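K.L.:
Data: run_21.pdb, PDB, C-alpha atoms and all ligand atoms.
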ATOM      1  CA  MET A   1     212.447 130.873 177.584
ATOM      2  CA  GLN A   2     214.668 127.843 178.216
ATOM      3  CA  ARG A   3     211.579 125.931 179.264
ATOM      4  CA  LEU A   4     209.710 126.804 176.093
ATOM      5  CA  LYS A   5     212.655 125.655 174.006
ATOM      6  CA  ARG A   6     212.618 122.326 175.724
ATOM      7  CA  LEU A   7     208.850 121.987 175.235
ATOM      8  CA  TRP A   8     208.899 122.894 171.565
ATOM      9  CA  PRO A   9     209.741 119.468 170.070
ATOM     10  CA  GLY A  10     206.964 117.976 172.185
ATOM     11  CA  ILE A  11     204.454 120.516 170.873
ATOM     12  CA  VAL A  12     205.452 119.889 167.278
ATOM     13  CA  TYR A  13     205.143 116.159 167.830
ATOM     14  CA  ALA A  14     201.704 116.573 169.431
ATOM     15  CA  LEU A  15     200.482 118.656 166.493
ATOM     16  CA  PHE A  16     201.803 116.018 164.137
ATOM     17  CA  LEU A  17     199.852 113.325 165.963
ATOM     18  CA  ILE A  18     196.665 115.387 165.876
ATOM     19  CA  ALA A  19     197.054 115.926 162.132
ATOM     20  CA  LEU A  20     197.585 112.189 161.742
ATOM     21  CA  VAL A  21     194.419 111.084 163.520
ATOM     22  CA  THR A  22     192.075 113.820 162.260
ATOM     23  CA  PRO A  23     190.166 112.287 159.345
ATOM     24  CA  GLY A  24     190.596 114.164 156.101
ATOM     25  CA  VAL A  25     187.683 116.469 155.360
ATOM     26  CA  SER A  26     185.737 114.391 152.874
ATOM     27  CA  ALA A  27     184.957 116.157 149.644
ATOM     28  CA  GLU A  28     181.630 114.391 149.331
ATOM     29  CA  ASN A  29     178.896 113.523 151.755
ATOM     30  CA  LYS A  30     178.277 109.889 150.868
ATOM     31  CA  PRO A  31     174.623 109.682 149.892
ATOM     32  CA  PRO A  32     172.413 107.255 151.798
ATOM     33  CA  ASP A  33     172.127 104.060 149.748
ATOM     34  CA  THR A  34     168.404 103.496 149.899
ATOM     35  CA  LEU A  35     165.734 105.943 150.935
ATOM     36  CA  VAL A  36     162.030 105.550 151.437
ATOM     37  CA  LEU A  37     160.284 108.688 150.228
ATOM     38  CA  LYS A  38     157.015 109.613 151.837
ATOM     39  CA  VAL A  39     155.433 113.050 151.960
ATOM     40  CA  GLU A  40     153.457 113.987 155.049
ATOM     41  CA  GLY A  41     149.939 112.549 154.899
ATOM     42  CA  ALA A  42     150.705 110.268 151.935
ATOM     43  CA  LYS A  43     147.994 107.768 151.012
ATOM     44  CA  LEU A  44     149.813 105.702 148.406
ATOM     45  CA  PRO A  45     152.611 103.281 149.292
ATOM     46  CA  PRO A  46     155.926 105.130 149.818
ATOM     47  CA  VAL A  47     158.490 105.220 147.033
ATOM     48  CA  ARG A  48     161.868 103.545 147.310
ATOM     49  CA  PHE A  49     164.811 105.416 145.906
ATOM     50  CA  SER A  50     168.338 104.126 145.445
ATOM     51  CA  HIS A  51     171.285 106.513 145.252
ATOM     52  CA  THR A  52     173.414 103.612 144.093
ATOM     53  CA  THR A  53     171.283 103.052 141.012
ATOM     54  CA  HIS A  54     171.075 106.748 140.322
ATOM     55  CA  THR A  55     174.689 107.747 140.729
ATOM     56  CA  ARG A  56     176.680 104.848 139.315
ATOM     57  CA  ASP A  57     176.251 106.461 135.902
ATOM     58  CA  ALA A  58     178.804 109.236 135.971
ATOM     59  CA  GLY A  59     176.537 111.358 133.819
ATOM     60  CA  ARG A  60     174.080 111.603 136.668
ATOM     61  CA  ASP A  61     175.620 114.206 138.879
ATOM     62  CA  CYS A  62     174.288 115.153 142.321
ATOM     63  CA  VAL A  63     173.154 118.512 141.003
ATOM     64  CA  VAL A  64     170.664 116.872 138.624
ATOM     65  CA  CYS A  65     168.392 116.303 141.631
ATOM     66  CA  HIS A  66     169.910 118.473 144.350
ATOM     67  CA  HIS A  67     169.477 121.367 142.026
ATOM     68  CA  LYS A  68     169.433 124.396 144.330
ATOM     69  CA  ASP A  69     171.681 123.399 147.181
ATOM     70  CA  LYS A  70     174.692 125.603 147.790
ATOM     71  CA  ASP A  71     176.737 122.408 147.720
ATOM     72  CA  PRO A  72     174.913 119.676 145.760
ATOM     73  CA  LYS A  73     177.289 117.125 147.276
ATOM     74  CA  ASP A  74     176.067 118.038 150.732
ATOM     75  CA  PRO A  75     172.386 118.614 150.155
ATOM     76  CA  GLY A  76     169.369 119.097 152.389
ATOM     77  CA  LYS A  77     165.904 117.690 151.965
ATOM     78  CA  CYS A  78     163.657 118.796 149.106
ATOM     79  CA  GLU A  79     161.100 119.964 151.641
ATOM     80  CA  THR A  80     163.402 122.666 152.972
ATOM     81  CA  CYS A  81     162.264 124.615 149.896
ATOM     82  CA  HIS A  82     159.279 122.692 148.523
ATOM     83  CA  MET A  83     156.305 123.165 150.814
ATOM     84  CA  LEU A  84     153.638 120.541 151.294
ATOM     85  CA  LYS A  85     150.861 122.529 149.632
ATOM     86  CA  GLU A  86     151.783 126.039 148.545
ATOM     87  CA  VAL A  87     154.246 127.412 146.043
ATOM     88  CA  LYS A  88     157.138 129.227 147.707
ATOM     89  CA  GLU A  89     159.480 131.437 145.694
ATOM     90  CA  GLY A  90     158.391 129.624 142.558
ATOM     91  CA  ALA A  91     159.149 126.210 144.047
ATOM     92  CA  PRO A  92     156.255 123.838 143.293
ATOM     93  CA  PRO A  93     154.679 121.810 146.137
ATOM     94  CA  LEU A  94     156.645 118.784 147.295
ATOM     95  CA  ARG A  95     154.671 116.118 145.457
ATOM     96  CA  ASP A  96     154.946 117.997 142.152
ATOM     97  CA  ALA A  97     158.659 118.516 142.783
ATOM     98  CA  PHE A  98     159.152 114.757 143.179
ATOM     99  CA  HIS A  99     156.993 113.891 140.171
ATOM    100  CA  GLY A 100     158.648 116.639 138.153
ATOM    101  CA  LYS A 101     162.128 115.238 138.767
ATOM    102  CA  CYS A 102     161.501 111.519 138.858
ATOM    103  CA  GLN A 103     158.867 111.029 136.201
ATOM    104  CA  ALA A 104     160.294 113.537 133.752
ATOM    105  CA  CYS A 105     163.627 111.751 133.585
ATOM    106  CA  HIS A 106     162.103 108.270 133.579
ATOM    107  CA  LYS A 107     159.920 109.202 130.604
ATOM    108  CA  GLU A 108     162.919 110.624 128.822
ATOM    109  CA  VAL A 109     165.111 107.547 129.336
ATOM    110  CA  SER A 110     162.232 105.156 128.603
ATOM    111  CA  ALA A 111     161.799 106.845 125.243
ATOM    112  CA  LYS A 112     165.419 105.888 124.586
ATOM    113  CA  GLY A 113     164.710 102.275 125.473
ATOM    114  CA  ILE A 114     166.167 102.246 129.012
ATOM    115  CA  SER A 115     163.701 100.745 131.428
ATOM    116  CA  ALA A 116     162.839 103.031 134.332
ATOM    117  CA  PRO A 117     159.492 103.001 136.169
ATOM    118  CA  THR A 118     156.811 105.293 134.743
ATOM    119  CA  LYS A 119     153.596 103.670 136.009
ATOM    120  CA  CYS A 120     152.086 104.749 139.317
ATOM    121  CA  ASN A 121     152.488 101.468 141.108
ATOM    122  CA  ASP A 122     155.967 100.807 139.739
ATOM    123  CA  CYS A 123     157.098 103.619 142.035
ATOM    124  CA  HIS A 124     154.345 103.497 144.637
ATOM    125  CA  LYS A 125     155.029  99.847 145.298
ATOM    126  CA  LYS A 126     153.556  97.925 148.190
TER     127      LYS A 126
HETATM  128  C1  LIG A 201     159.017 107.766 139.042
HETATM  129  C2  LIG A 201     158.350 107.479 140.284
HETATM  130  C3  LIG A 201     156.905 107.888 140.427
HETATM  131  C4  LIG A 201     155.855 107.597 139.570
HETATM  132  C5  LIG A 201     155.882 106.840 138.260
HETATM  133  C6  LIG A 201     154.663 108.140 140.213
HETATM  134  N1  LIG A 201     154.998 108.737 141.397
HETATM  135 FE1  LIG A 201     153.690 109.614 142.722
HETATM  136  N2  LIG A 201     155.224 110.152 143.906
HETATM  137  C7  LIG A 201     156.548 109.809 143.695
HETATM  138  C8  LIG A 201     157.353 110.283 144.798
HETATM  139  C9  LIG A 201     158.847 110.113 144.977
HETATM  140  C10 LIG A 201     156.454 110.927 145.700
HETATM  141  C11 LIG A 201     156.786 111.562 147.055
HETATM  142  C12 LIG A 201     156.889 110.461 148.109
HETATM  143  C13 LIG A 201     155.566 109.867 148.494
HETATM  144  O1  LIG A 201     155.143 108.904 147.844
HETATM  145  O2  LIG A 201     154.945 110.325 149.470
HETATM  146  C14 LIG A 201     155.117 110.817 145.089
HETATM  147  C15 LIG A 201     153.966 111.308 145.678
HETATM  148  C16 LIG A 201     152.687 111.095 145.190
HETATM  149  C17 LIG A 201     151.470 111.495 145.870
HETATM  150  C18 LIG A 201     151.361 112.239 147.202
HETATM  151  C19 LIG A 201     151.528 111.246 148.349
HETATM  152  C20 LIG A 201     150.397 110.283 148.541
HETATM  153  O3  LIG A 201     150.693 109.059 148.545
HETATM  154  O4  LIG A 201     149.237 110.693 148.710
HETATM  155  C21 LIG A 201     150.426 111.084 145.091
HETATM  156  C22 LIG A 201     148.929 111.254 145.362
HETATM  157  C23 LIG A 201     150.991 110.433 143.920
HETATM  158  N3  LIG A 201     152.379 110.461 144.017
HETATM  159  C24 LIG A 201     150.273 109.867 142.901
HETATM  160  C25 LIG A 201     150.800 109.256 141.785
HETATM  161  C26 LIG A 201     150.005 108.742 140.669
HETATM  162  C27 LIG A 201     148.492 108.761 140.607
HETATM  163  C28 LIG A 201     150.890 108.248 139.763
HETATM  164  C29 LIG A 201     150.600 107.661 138.390
HETATM  165  C30 LIG A 201     149.831 108.503 137.490
HETATM  166  C31 LIG A 201     152.230 108.437 140.299
HETATM  167  N4  LIG A 201     152.131 109.051 141.524
HETATM  168  C32 LIG A 201     153.384 108.041 139.677
HETATM  169  C33 LIG A 201     157.067 109.104 142.630
HETATM  170  C34 LIG A 201     156.339 108.608 141.574
HETATM  171  C1  LIG A 202     168.161 111.060 140.768
HETATM  172  C2  LIG A 202     168.095 112.001 141.853
HETATM  173  C3  LIG A 202     169.246 112.111 142.821
HETATM  174  C4  LIG A 202     170.602 112.118 142.546
HETATM  175  C5  LIG A 202     171.296 112.045 141.207
HETATM  176  C6  LIG A 202     171.265 112.271 143.829
HETATM  177  N1  LIG A 202     170.337 112.335 144.843
HETATM  178 FE1  LIG A 202     170.724 112.574 146.827
HETATM  179  N2  LIG A 202     168.726 112.461 147.246
HETATM  180  C7  LIG A 202     167.734 112.372 146.294
HETATM  181  C8  LIG A 202     166.445 112.385 146.962
HETATM  182  C9  LIG A 202     165.096 112.318 146.276
HETATM  183  C10 LIG A 202     166.711 112.495 148.345
HETATM  184  C11 LIG A 202     165.690 112.561 149.475
HETATM  185  C12 LIG A 202     165.391 114.017 149.721
HETATM  186  C13 LIG A 202     164.334 114.234 150.766
HETATM  187  O1  LIG A 202     164.141 113.358 151.630
HETATM  188  O2  LIG A 202     163.708 115.311 150.731
HETATM  189  C14 LIG A 202     168.157 112.541 148.495
HETATM  190  C15 LIG A 202     168.823 112.673 149.710
HETATM  191  C16 LIG A 202     170.184 112.831 149.840
HETATM  192  C17 LIG A 202     170.863 113.031 151.089
HETATM  193  C18 LIG A 202     170.196 113.108 152.457
HETATM  194  C19 LIG A 202     169.743 114.529 152.699
HETATM  195  C20 LIG A 202     169.016 114.702 154.019
HETATM  196  O3  LIG A 202     169.224 115.737 154.666
HETATM  197  O4  LIG A 202     168.231 113.818 154.394
HETATM  198  C21 LIG A 202     172.202 113.150 150.817
HETATM  199  C22 LIG A 202     173.330 113.378 151.806
HETATM  200  C23 LIG A 202     172.339 113.012 149.376
HETATM  201  N3  LIG A 202     171.092 112.830 148.821
HETATM  202  C24 LIG A 202     173.544 113.107 148.705
HETATM  203  C25 LIG A 202     173.686 112.955 147.325
HETATM  204  C26 LIG A 202     174.975 113.006 146.650
HETATM  205  C27 LIG A 202     176.324 113.264 147.318
HETATM  206  C28 LIG A 202     174.713 112.790 145.319
HETATM  207  C29 LIG A 202     175.705 112.701 144.164
HETATM  208  C30 LIG A 202     176.756 111.706 144.330
HETATM  209  C31 LIG A 202     173.270 112.595 145.187
HETATM  210  N4  LIG A 202     172.693 112.700 146.418
HETATM  211  C32 LIG A 202     172.629 112.350 143.987
HETATM  212  C33 LIG A 202     167.890 112.298 144.941
HETATM  213  C34 LIG A 202     169.098 112.253 144.271
HETATM  214  C1  LIG A 203     167.326 125.320 148.316
HETATM  215  C2  LIG A 203     165.951 125.224 147.834
HETATM  216  C3  LIG A 203     165.539 124.014 147.032
HETATM  217  C4  LIG A 203     165.803 122.681 147.294
HETATM  218  C5  LIG A 203     166.558 122.094 148.444
HETATM  219  C6  LIG A 203     165.149 121.946 146.237
HETATM  220  N1  LIG A 203     164.525 122.796 145.368
HETATM  221 FE1  LIG A 203     163.462 122.297 143.700
HETATM  222  N2  LIG A 203     163.089 124.256 143.305
HETATM  223  C7  LIG A 203     163.469 125.327 144.103
HETATM  224  C8  LIG A 203     162.988 126.585 143.505
HETATM  225  C9  LIG A 203     163.195 127.967 144.091
HETATM  226  C10 LIG A 203     162.283 126.222 142.325
HETATM  227  C11 LIG A 203     161.557 127.134 141.349
HETATM  228  C12 LIG A 203     162.467 127.975 140.548
HETATM  229  C13 LIG A 203     163.193 127.230 139.463
HETATM  230  O1  LIG A 203     162.704 126.235 138.930
HETATM  231  O2  LIG A 203     164.295 127.676 139.124
HETATM  232  C14 LIG A 203     162.375 124.764 142.218
HETATM  233  C15 LIG A 203     161.829 124.030 141.175
HETATM  234  C16 LIG A 203     161.781 122.647 141.127
HETATM  235  C17 LIG A 203     161.132 121.885 140.077
HETATM  236  C18 LIG A 203     160.408 122.453 138.857
HETATM  237  C19 LIG A 203     161.355 123.028 137.865
HETATM  238  C20 LIG A 203     162.337 122.005 137.379
HETATM  239  O3  LIG A 203     163.555 122.201 137.634
HETATM  240  O4  LIG A 203     161.930 121.007 136.771
HETATM  241  C21 LIG A 203     161.313 120.560 140.395
HETATM  242  C22 LIG A 203     160.814 119.379 139.590
HETATM  243  C23 LIG A 203     162.069 120.501 141.639
HETATM  244  N3  LIG A 203     162.347 121.782 142.052
HETATM  245  C24 LIG A 203     162.430 119.322 142.301
HETATM  246  C25 LIG A 203     163.217 119.254 143.468
HETATM  247  C26 LIG A 203     163.590 118.026 144.147
HETATM  248  C27 LIG A 203     163.172 116.627 143.723
HETATM  249  C28 LIG A 203     164.362 118.375 145.217
HETATM  250  C29 LIG A 203     165.061 117.478 146.207
HETATM  251  C30 LIG A 203     165.898 116.413 145.642
HETATM  252  C31 LIG A 203     164.473 119.825 145.208
HETATM  253  N4  LIG A 203     163.757 120.314 144.142
HETATM  254  C32 LIG A 203     165.172 120.563 146.144
HETATM  255  C33 LIG A 203     164.209 125.247 145.261
HETATM  256  C34 LIG A 203     164.715 124.079 145.833
HETATM  257  C1  LIG A 204     168.152 112.037 135.557
HETATM  258  C2  LIG A 204     167.359 110.841 135.427
HETATM  259  C3  LIG A 204     166.628 110.248 136.609
HETATM  260  C4  LIG A 204     166.026 110.892 137.656
HETATM  261  C5  LIG A 204     165.961 112.381 137.946
HETATM  262  C6  LIG A 204     165.415 109.867 138.468
HETATM  263  N1  LIG A 204     165.649 108.634 137.928
HETATM  264 FE1  LIG A 204     165.005 106.837 138.683
HETATM  265  N2  LIG A 204     165.977 105.877 137.191
HETATM  266  C7  LIG A 204     166.674 106.467 136.166
HETATM  267  C8  LIG A 204     167.213 105.443 135.284
HETATM  268  C9  LIG A 204     168.053 105.678 134.021
HETATM  269  C10 LIG A 204     166.802 104.203 135.806
HETATM  270  C11 LIG A 204     167.084 102.815 135.206
HETATM  271  C12 LIG A 204     167.864 101.986 136.116
HETATM  272  C13 LIG A 204     169.345 102.058 136.030
HETATM  273  O1  LIG A 204     169.948 103.118 135.784
HETATM  274  O2  LIG A 204     169.947 101.009 136.237
HETATM  275  C14 LIG A 204     166.024 104.503 137.014
HETATM  276  C15 LIG A 204     165.461 103.551 137.837
HETATM  277  C16 LIG A 204     164.648 103.792 138.920
HETATM  278  C17 LIG A 204     163.986 102.774 139.731
HETATM  279  C18 LIG A 204     164.055 101.254 139.515
HETATM  280  C19 LIG A 204     165.423 100.728 139.845
HETATM  281  C20 LIG A 204     165.731 100.875 141.285
HETATM  282  O3  LIG A 204     166.675 101.600 141.628
HETATM  283  O4  LIG A 204     165.012 100.302 142.129
HETATM  284  C21 LIG A 204     163.284 103.448 140.719
HETATM  285  C22 LIG A 204     162.420 102.830 141.804
HETATM  286  C23 LIG A 204     163.518 104.868 140.515
HETATM  287  N3  LIG A 204     164.342 105.043 139.419
HETATM  288  C24 LIG A 204     162.985 105.871 141.314
HETATM  289  C25 LIG A 204     163.257 107.225 141.148
HETATM  290  C26 LIG A 204     162.718 108.267 142.003
HETATM  291  C27 LIG A 204     161.784 108.035 143.166
HETATM  292  C28 LIG A 204     163.213 109.444 141.535
HETATM  293  C29 LIG A 204     162.985 110.843 142.052
HETATM  294  C30 LIG A 204     163.305 111.081 143.437
HETATM  295  C31 LIG A 204     164.037 109.150 140.375
HETATM  296  N4  LIG A 204     164.043 107.803 140.174
HETATM  297  C32 LIG A 204     164.699 110.101 139.626
HETATM  298  C33 LIG A 204     166.850 107.812 135.957
HETATM  299  C34 LIG A 204     166.392 108.822 136.799
END
Take the structure in this file and express it as structure tokens.
Ligand code: HEC
Ligand code: HEC
Ligand code: HEC
Ligand code: HEC
P.N.:
Amino acid sequence: MQRLKRLWPGIVYALFLIALVTPGVSAENKPPDTLVLKVEGAKLPPVRFSHTTHTRDAGRDCVVCHHKDKDPKDPGKCETCHMLKEVKEGAPPLRDAFHGKCQACHKEVSAKGISAPTKCNDCHKK
């Protein structure tokens, strides 16, 4: 018992040090800045996608694209749910999922006079 009493301050101090060096659990998984999107077997040039461009506008929340993830701030790949060819649980094939998200919004913002790529080779750029 005496021994434990003498050890106690040391234990408290050690715990304090551990708490100090353990990085805080970050609330948000920082999205990769630039991605190159390419579905398996793609024939067209891959599509570059910038999280920086797409998230600097506060209105564009993670969930707009990461729409079914349990935590949209810590998402998985689209292809975890969108299969290459077939529809699974109502989820359209991967290519249609990408076109559905990307083109739909670009058409919408273009109609409001904001320039966002809508032509095939503006996205599928060599
Ligand atoms: C807003 C961006 C965007 C526009 C505009 C766009 N695409 Fe795509 N497309 C994508 C993304 C993202 C993918 C998935 C990644 C990839 O290219 O493999 C994709 C995938 C594809 C694929 C399957 C992969 C491949 O290369 O075979 C085809 C085919 C395709 N698009 C054709 C077109 C055609 C044709 C047009 C014009 C009518 C077009 N896309 C316009 C973003 C776009
Ligand atoms: C405009 C659409 C869009 C928005 C908004 C967006 N993302 Fe993404 N994000 C994507 C796409 C597309 C991918 C590539 C998915 C794939 O490869 O299947 C991706 C991939 C990721 C990945 C890598 C996932 C993996 O396992 O490879 C992370 C992490 C991520 N996003 C985090 C975020 C966070 C955090 C936010 C909000 C601050 C955010 N994203 C907002 C479209 C978006
Ligand atoms: C956890 C599973 C899951 C992930 C991950 C996922 N989706 Fe989906 N998605 C679905 C399901 C299920 C549906 C069909 C049911 C619905 O629309 O509610 C769907 C429907 C869609 C649709 C058609 C309906 C709509 O909302 O316009 C698009 C487009 C789409 N997803 C794009 C994407 C993109 C792009 C990604 C990656 C950034 C992604 N999805 C990631 C499950 C997922
Ligand atoms: C909710 C709306 C929205 C969605 C979804 C979206 N975009 Fe965009 N995108 C924009 C807007 C708005 C711009 C105009 C540029 C800006 O905001 O500065 C843009 C610009 C771009 C540009 C040109 C500027 C740059 O960053 O190089 C590319 C390429 C692009 N988007 C690709 C994509 C792809 C690929 C997807 C799907 C994975 C996608 N976008 C989904 C709204 C969207």
K.L.:
What are the closest atom pairs, with distances in Å to one decimal, for each residue of chain A lying within 7 Å of ligand LIG 201 (chain A), using all atoms listed in the file, rows by chain and rising residue number, as JSON lines?
P.N.:
{"residue": "A:Leu37", "atom": "CA", "partner": "A:LIG201", "partner_atom": "C12", "distance": 4.4}
{"residue": "A:Lys38", "atom": "CA", "partner": "A:LIG201", "partner_atom": "O2", "distance": 3.2}
{"residue": "A:Val39", "atom": "CA", "partner": "A:LIG201", "partner_atom": "O2", "distance": 3.7}
{"residue": "A:Glu40", "atom": "CA", "partner": "A:LIG201", "partner_atom": "O2", "distance": 6.8}
{"residue": "A:Gly41", "atom": "CA", "partner": "A:LIG201", "partner_atom": "O4", "distance": 6.5}
{"residue": "A:Ala42", "atom": "CA", "partner": "A:LIG201", "partner_atom": "C20", "distance": 3.4}
{"residue": "A:Lys43", "atom": "CA", "partner": "A:LIG201", "partner_atom": "O3", "distance": 3.9}
{"residue": "A:Leu44", "atom": "CA", "partner": "A:LIG201", "partner_atom": "O3", "distance": 3.5}
{"residue": "A:Pro45", "atom": "CA", "partner": "A:LIG201", "partner_atom": "O3", "distance": 6.1}
{"residue": "A:Pro46", "atom": "CA", "partner": "A:LIG201", "partner_atom": "O1", "distance": 4.3}
{"residue": "A:Val47", "atom": "CA", "partner": "A:LIG201", "partner_atom": "O1", "distance": 5.0}
{"residue": "A:Arg95", "atom": "CA", "partner": "A:LIG201", "partner_atom": "C15", "distance": 4.9}
{"residue": "A:Phe98", "atom": "CA", "partner": "A:LIG201", "partner_atom": "C9", "distance": 5.0}
{"residue": "A:His99", "atom": "CA", "partner": "A:LIG201", "partner_atom": "C33", "distance": 5.4}
{"residue": "A:Cys102", "atom": "CA", "partner": "A:LIG201", "partner_atom": "C1", "distance": 4.5}
{"residue": "A:Gln103", "atom": "CA", "partner": "A:LIG201", "partner_atom": "C1", "distance": 4.3}
{"residue": "A:His106", "atom": "CA", "partner": "A:LIG201", "partner_atom": "C1", "distance": 6.3}
{"residue": "A:Pro117", "atom": "CA", "partner": "A:LIG201", "partner_atom": "C1", "distance": 5.6}
{"residue": "A:Thr118", "atom": "CA", "partner": "A:LIG201", "partner_atom": "C5", "distance": 4.0}
{"residue": "A:Lys119", "atom": "CA", "partner": "A:LIG201", "partner_atom": "C5", "distance": 4.5}
{"residue": "A:Cys120", "atom": "CA", "partner": "A:LIG201", "partner_atom": "C29", "distance": 3.4}
{"residue": "A:Asn121", "atom": "CA", "partner": "A:LIG201", "partner_atom": "C32", "distance": 6.8}
{"residue": "A:Asp122", "atom": "CA", "partner": "A:LIG201", "partner_atom": "C5", "distance": 6.2}
{"residue": "A:Cys123", "atom": "CA", "partner": "A:LIG201", "partner_atom": "C2", "distance": 4.4}
{"residue": "A:His124", "atom": "CA", "partner": "A:LIG201", "partner_atom": "N1", "distance": 6.2}
K.L.:
How would you report the residues lying within 10 Å of ligand LIG 204 (chain A), as a PDB file with C-alpha atoms, in the frame of the given file, if you count all atoms listed in the file?
P.N.:
ATOM      1  CA  THR A  34     168.404 103.496 149.899  1.00  0.00           C
ATOM      2  CA  LEU A  35     165.734 105.943 150.935  1.00  0.00           C
ATOM      3  CA  VAL A  36     162.030 105.550 151.437  1.00  0.00           C
ATOM      4  CA  LEU A  37     160.284 108.688 150.228  1.00  0.00           C
ATOM      5  CA  PRO A  46     155.926 105.130 149.818  1.00  0.00           C
ATOM      6  CA  VAL A  47     158.490 105.220 147.033  1.00  0.00           C
ATOM      7  CA  ARG A  48     161.868 103.545 147.310  1.00  0.00           C
ATOM      8  CA  PHE A  49     164.811 105.416 145.906  1.00  0.00           C
ATOM      9  CA  SER A  50     168.338 104.126 145.445  1.00  0.00           C
ATOM     10  CA  HIS A  51     171.285 106.513 145.252  1.00  0.00           C
ATOM     11  CA  THR A  52     173.414 103.612 144.093  1.00  0.00           C
ATOM     12  CA  THR A  53     171.283 103.052 141.012  1.00  0.00           C
ATOM     13  CA  HIS A  54     171.075 106.748 140.322  1.00  0.00           C
ATOM     14  CA  THR A  55     174.689 107.747 140.729  1.00  0.00           C
ATOM     15  CA  ARG A  56     176.680 104.848 139.315  1.00  0.00           C
ATOM     16  CA  ASP A  57     176.251 106.461 135.902  1.00  0.00           C
ATOM     17  CA  GLY A  59     176.537 111.358 133.819  1.00  0.00           C
ATOM     18  CA  ARG A  60     174.080 111.603 136.668  1.00  0.00           C
ATOM     19  CA  ASP A  61     175.620 114.206 138.879  1.00  0.00           C
ATOM     20  CA  CYS A  62     174.288 115.153 142.321  1.00  0.00           C
ATOM     21  CA  VAL A  63     173.154 118.512 141.003  1.00  0.00           C
ATOM     22  CA  VAL A  64     170.664 116.872 138.624  1.00  0.00           C
ATOM     23  CA  CYS A  65     168.392 116.303 141.631  1.00  0.00           C
ATOM     24  CA  HIS A  66     169.910 118.473 144.350  1.00  0.00           C
ATOM     25  CA  CYS A  78     163.657 118.796 149.106  1.00  0.00           C
ATOM     26  CA  ALA A  97     158.659 118.516 142.783  1.00  0.00           C
ATOM     27  CA  PHE A  98     159.152 114.757 143.179  1.00  0.00           C
ATOM     28  CA  HIS A  99     156.993 113.891 140.171  1.00  0.00           C
ATOM     29  CA  GLY A 100     158.648 116.639 138.153  1.00  0.00           C
ATOM     30  CA  LYS A 101     162.128 115.238 138.767  1.00  0.00           C
ATOM     31  CA  CYS A 102     161.501 111.519 138.858  1.00  0.00           C
ATOM     32  CA  GLN A 103     158.867 111.029 136.201  1.00  0.00           C
ATOM     33  CA  ALA A 104     160.294 113.537 133.752  1.00  0.00           C
ATOM     34  CA  CYS A 105     163.627 111.751 133.585  1.00  0.00           C
ATOM     35  CA  HIS A 106     162.103 108.270 133.579  1.00  0.00           C
ATOM     36  CA  LYS A 107     159.920 109.202 130.604  1.00  0.00           C
ATOM     37  CA  GLU A 108     162.919 110.624 128.822  1.00  0.00           C
ATOM     38  CA  VAL A 109     165.111 107.547 129.336  1.00  0.00           C
ATOM     39  CA  SER A 110     162.232 105.156 128.603  1.00  0.00           C
ATOM     40  CA  LYS A 112     165.419 105.888 124.586  1.00  0.00           C
ATOM     41  CA  GLY A 113     164.710 102.275 125.473  1.00  0.00           C
ATOM     42  CA  ILE A 114     166.167 102.246 129.012  1.00  0.00           C
ATOM     43  CA  SER A 115     163.701 100.745 131.428  1.00  0.00           C
ATOM     44  CA  ALA A 116     162.839 103.031 134.332  1.00  0.00           C
ATOM     45  CA  PRO A 117     159.492 103.001 136.169  1.00  0.00           C
ATOM     46  CA  THR A 118     156.811 105.293 134.743  1.00  0.00           C
ATOM     47  CA  ASP A 122     155.967 100.807 139.739  1.00  0.00           C
ATOM     48  CA  CYS A 123     157.098 103.619 142.035  1.00  0.00           C
ATOM     49  CA  HIS A 124     154.345 103.497 144.637  1.00  0.00           C
ATOM     50  CA  LYS A 125     155.029  99.847 145.298  1.00  0.00           C
TER      51      LYS A 125
END
K.L.:
Please write as a list in words the full residue list that the PyMOL selection byres (((chain A and resi 84) around 10) and not hetatm) yields on this file.
P.N.:
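For this structure, the PyMOL selection byres (((chain A and resi 84) around 10) and not hetatm) captures Val39, Glu40, Gly41, Glu79, Cys81, His82, Met83, Lys85, Glu86, Val87, Pro92, Pro93, Leu94, Arg95 and Asp96 of chain A.
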K.L.:
How far is it from atom C5 of ligand LIG 203 (chain A) to atom CA of A:Asp74, in Å with one decimal?
P.N.:
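Result for atom C5 of ligand LIG 203 (chain A) versus atom CA of A:Asp74: 10.6 Å, one decimal.
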K.L.:
Please give the centre and size of the box around ligand LIG 203 (chain A) (axis-aligned, containing every atom listed in the file, 4 Å added per side), with values in Å to one decimal and written as AutoDock Vina command-line options.
P.N.:
--center_x 163.9 --center_y 122.2 --center_z 142.6 --size_x 14.9 --size_y 19.6 --size_z 19.7
K.L.:
Could you tell me how far atom CA of A:Ala111 sits from atom C7 of ligand LIG 203 (chain A), in Å to one decimal place?
P.N.:
26.5 Å
K.L.:
Please compute the atom CA of A:Glu89-atom CA of A:Pro31 distance, one decimal, in Å.
P.N.:
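If I compute the distance from atom CA of A:Glu89 to atom CA of A:Pro31, I get 26.8 Å.
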K.L.:
Would you mind telling me which residue in A:Lys30, A:Lys68, A:Lys126, A:Lys73 lies nearest to ligand LIG 203 (chain A) when using only C-alpha atoms and all ligand atoms?
P.N.:
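Using only C-alpha atoms and all ligand atoms, ligand LIG 203 (chain A) sits closest to A:Lys68.
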